[in-house]
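Below is one structure; the comments refer to it alone.
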Amino acid sequence: MEMPTKCYLCSSAEESMEHIFWSCSFAAKAWSWLADVFDLLPHANLMTAYKAAKGCSRMKKDLWLISILVVRSELWYTRNKKAFENKKPNWPLFFKRVLYQIQQYSVHLKGDMKNTCGDVRILEYFRVRHRRIKQHVPIECVWTPPAEGELLLCCDGAARGSPSTAGAGVIARNDICEVLGAISIGLGTTTNYLAEIYGIVVGLEWAVKWNTNRVLIRTDSKSAMDALDTGTMPWFVRSRWRHIFANYDNIRFEHIYREANFSAESLAKQGCNFGEEQGMNYEGRPIFLTSVESPNVYYFRFK
């Protein structure tokens, strides 16, 4: 006859893996302590617990993950001590072992810390050697009009995953920065890289209606820009690209940072909501774009 086993840590409930690592009063005390130190919420699922540190420094993320793994390991170690050596769970001893293990494993961490009181407090608490601080250097992003007689296409592609539902957005302007039109189109399921390429290709095919011979393409994707400029694009795009070239005398590319290309990015994200080859064509500037890049306006981004 199989009898239920009481938890060796709390002796008040039936033992199971979920109970030992999460529901047990001894384990709950450990997780509550860890949550207070990091100001983050632990979770039984490691991926969910790691995502709770989104936006934190790399050092804090790695230390958070190590702490979770160490606590789980020490809970199992303490349980086995009681089961096989009849040693009662001892919180001060458990606390010291966790601190020691975290300190030992932290030697292998290479991530940067932020110059904040929170990061310094955590390092001091676990007696971990201070890490280098990642400096944020502002980069000036300049938006300028195209050359005289040139059509400007600000292009962008977006995907919710890689691969996943994707979309593209394009804004057309003349040489005096007037918005001639904009498009937002769904691309189906594809990667972010191909979404950037299709954003340029679709934009050039759409811009033929203005009967212009010179076009300036601005995009925040250097990889897509270099692939089209050097002719190393995927094979299934080359026939469309050759047909596009027959309609223009000159196509030149310029890289622009995302901070100065936010209107095209907004259209690309909206395109993710459309089905494949479905979208919207706007005459003039779309109303929902509350702000558009202006000539000689300076934007800033951080490295």
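Chain labels run A, B, ... following the order of the structure tokens; each chain numbers its residues from 1, and ligands are numbered from 1 in the order shown.
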Next item on the list: Write out as a ChimeraX atom specification all residues of segment 51-234 of chain A that DSSP puts in alpha helix (DSSP H) for this structure's backbone.
Entry: /A:51,58-85,91-105,117-125,192-206,222-230
Next item on the list: Could you tell me, as a ChimeraX atom specification, which residues of segment 187-224 of chain A DSSP assigns to strand (DSSP E or B) when given the backbone?
Entry: /A:187-190,214-219
Can you list, as a PDB file with N, CA, C and O atoms, in the first residue's frame, every protein, DNA or RNA residue that comes within 10 Å of segment 107-117 of chain A when you count only C-alpha atoms, leaving out same-chain residues fewer than 6 positions away?
```pdb
ATOM      1  N   CYS A  56      16.172  45.551 -16.655  1.00  0.00           N
ATOM      2  CA  CYS A  56      17.255  45.668 -15.678  1.00  0.00           C
ATOM      3  C   CYS A  56      18.605  45.514 -16.372  1.00  0.00           C
ATOM      4  O   CYS A  56      18.691  45.118 -17.534  1.00  0.00           O
ATOM      5  N   SER A  57      19.668  45.828 -15.677  1.00  0.00           N
ATOM      6  CA  SER A  57      21.009  45.675 -16.234  1.00  0.00           C
ATOM      7  C   SER A  57      21.323  44.199 -16.435  1.00  0.00           C
ATOM      8  O   SER A  57      20.709  43.315 -15.815  1.00  0.00           O
ATOM      9  N   ARG A  58      22.285  43.931 -17.309  1.00  0.00           N
ATOM     10  CA  ARG A  58      22.650  42.547 -17.588  1.00  0.00           C
ATOM     11  C   ARG A  58      23.169  41.850 -16.332  1.00  0.00           C
ATOM     12  O   ARG A  58      22.897  40.671 -16.100  1.00  0.00           O
ATOM     13  N   MET A  59      23.913  42.582 -15.516  1.00  0.00           N
ATOM     14  CA  MET A  59      24.432  42.012 -14.284  1.00  0.00           C
ATOM     15  C   MET A  59      23.294  41.589 -13.362  1.00  0.00           C
ATOM     16  O   MET A  59      23.300  40.488 -12.804  1.00  0.00           O
ATOM     17  N   LYS A  60      22.294  42.443 -13.193  1.00  0.00           N
ATOM     18  CA  LYS A  60      21.182  42.128 -12.311  1.00  0.00           C
ATOM     19  C   LYS A  60      20.372  40.952 -12.830  1.00  0.00           C
ATOM     20  O   LYS A  60      19.923  40.092 -12.054  1.00  0.00           O
ATOM     21  N   LYS A  61      20.180  40.878 -14.150  1.00  0.00           N
ATOM     22  CA  LYS A  61      19.451  39.757 -14.746  1.00  0.00           C
ATOM     23  C   LYS A  61      20.161  38.438 -14.462  1.00  0.00           C
ATOM     24  O   LYS A  61      19.538  37.454 -14.044  1.00  0.00           O
ATOM     25  N   ASP A  62      21.481  38.403 -14.697  1.00  0.00           N
ATOM     26  CA  ASP A  62      22.234  37.169 -14.486  1.00  0.00           C
ATOM     27  C   ASP A  62      22.269  36.789 -13.016  1.00  0.00           C
ATOM     28  O   ASP A  62      22.159  35.608 -12.664  1.00  0.00           O
ATOM     29  N   LEU A  63      22.423  37.770 -12.148  1.00  0.00           N
ATOM     30  CA  LEU A  63      22.457  37.499 -10.711  1.00  0.00           C
ATOM     31  C   LEU A  63      21.096  37.009 -10.218  1.00  0.00           C
ATOM     32  O   LEU A  63      21.017  36.153  -9.330  1.00  0.00           O
ATOM     33  N   ILE A  66      20.829  33.335 -11.348  1.00  0.00           N
ATOM     34  CA  ILE A  66      21.687  32.505 -10.493  1.00  0.00           C
ATOM     35  C   ILE A  66      21.052  32.311  -9.126  1.00  0.00           C
ATOM     36  O   ILE A  66      21.053  31.196  -8.570  1.00  0.00           O
ATOM     37  N   LEU A 123      24.721  44.350  -5.281  1.00  0.00           N
ATOM     38  CA  LEU A 123      26.102  43.867  -5.279  1.00  0.00           C
ATOM     39  C   LEU A 123      26.687  43.864  -3.872  1.00  0.00           C
ATOM     40  O   LEU A 123      27.377  42.917  -3.476  1.00  0.00           O
ATOM     41  N   VAL A 128      29.350  40.912  -3.946  1.00  0.00           N
ATOM     42  CA  VAL A 128      29.828  40.625  -5.297  1.00  0.00           C
ATOM     43  C   VAL A 128      30.672  41.796  -5.772  1.00  0.00           C
ATOM     44  O   VAL A 128      30.344  42.964  -5.521  1.00  0.00           O
ATOM     45  N   ARG A 129      31.756  41.484  -6.441  1.00  0.00           N
ATOM     46  CA  ARG A 129      32.647  42.532  -6.949  1.00  0.00           C
ATOM     47  C   ARG A 129      31.905  43.417  -7.935  1.00  0.00           C
ATOM     48  O   ARG A 129      31.159  42.947  -8.789  1.00  0.00           O
ATOM     49  N   HIS A 130      32.121  44.722  -7.827  1.00  0.00           N
ATOM     50  CA  HIS A 130      31.449  45.681  -8.704  1.00  0.00           C
ATOM     51  C   HIS A 130      31.860  45.462 -10.164  1.00  0.00           C
ATOM     52  O   HIS A 130      33.006  45.144 -10.466  1.00  0.00           O
ATOM     53  N   ARG A 131      30.904  45.652 -11.043  1.00  0.00           N
ATOM     54  CA  ARG A 131      31.137  45.471 -12.471  1.00  0.00           C
ATOM     55  C   ARG A 131      31.341  46.829 -13.148  1.00  0.00           C
ATOM     56  O   ARG A 131      31.056  47.876 -12.576  1.00  0.00           O
ATOM     57  N   ARG A 132      31.810  46.765 -14.376  1.00  0.00           N
ATOM     58  CA  ARG A 132      31.947  48.009 -15.139  1.00  0.00           C
ATOM     59  C   ARG A 132      30.559  48.552 -15.461  1.00  0.00           C
ATOM     60  O   ARG A 132      29.580  47.810 -15.545  1.00  0.00           O
ATOM     61  N   ILE A 133      30.490  49.837 -15.652  1.00  0.00           N
ATOM     62  CA  ILE A 133      29.226  50.518 -15.946  1.00  0.00           C
ATOM     63  C   ILE A 133      29.167  50.832 -17.426  1.00  0.00           C
ATOM     64  O   ILE A 133      30.110  51.387 -18.003  1.00  0.00           O
ATOM     65  N   LYS A 134      28.069  50.467 -18.051  1.00  0.00           N
ATOM     66  CA  LYS A 134      27.885  50.751 -19.471  1.00  0.00           C
ATOM     67  C   LYS A 134      27.493  52.209 -19.638  1.00  0.00           C
ATOM     68  O   LYS A 134      26.466  52.650 -19.127  1.00  0.00           O
ATOM     69  N   GLN A 135      28.327  52.949 -20.342  1.00  0.00           N
ATOM     70  CA  GLN A 135      28.067  54.373 -20.545  1.00  0.00           C
ATOM     71  C   GLN A 135      27.140  54.565 -21.737  1.00  0.00           C
ATOM     72  O   GLN A 135      27.321  53.969 -22.789  1.00  0.00           O
TER      73      GLN A 135
END
```
Notebook entry, point to check: Can you list, as a list in words, every protein, DNA or RNA residue that comes within 7 Å of segment 74-76 of chain A when you count only C-alpha atoms, leaving out same-chain residues fewer than 4 positions away?
Noted result: Phe21, Ala27, Val70, Asn80 and Val98 of chain A
Per residue of segment 63-147 of chain A within 12 Å of segment 202-221 of chain A, what are the shortest atom pair and its distance in Å to one decimal, counting only C-alpha atoms, with rows by chain and residue number, as a Markdown table?
```
| residue | atom | partner | partner_atom | distance |
| --- | --- | --- | --- | --- |
| A:Cys141 | CA | A:Asp220 | CA | 11.4 |
| A:Trp143 | CA | A:Arg218 | CA | 10.2 |
| A:Thr144 | CA | A:Arg218 | CA | 10.9 |
| A:Pro145 | CA | A:Leu216 | CA | 10.1 |
| A:Pro146 | CA | A:Leu216 | CA | 7.0 |
| A:Ala147 | CA | A:Leu216 | CA | 8.5 |
```
Margin query: Please list as a VMD selection string every residue within 12 Å of Gly167 of chain A, counting only C-alpha atoms and excluding residues in the same chain fewer than 2 positions away.
Written below: chain A and resid 155 to 161 163 to 165 169 to 170 183 to 200 202 264 to 280
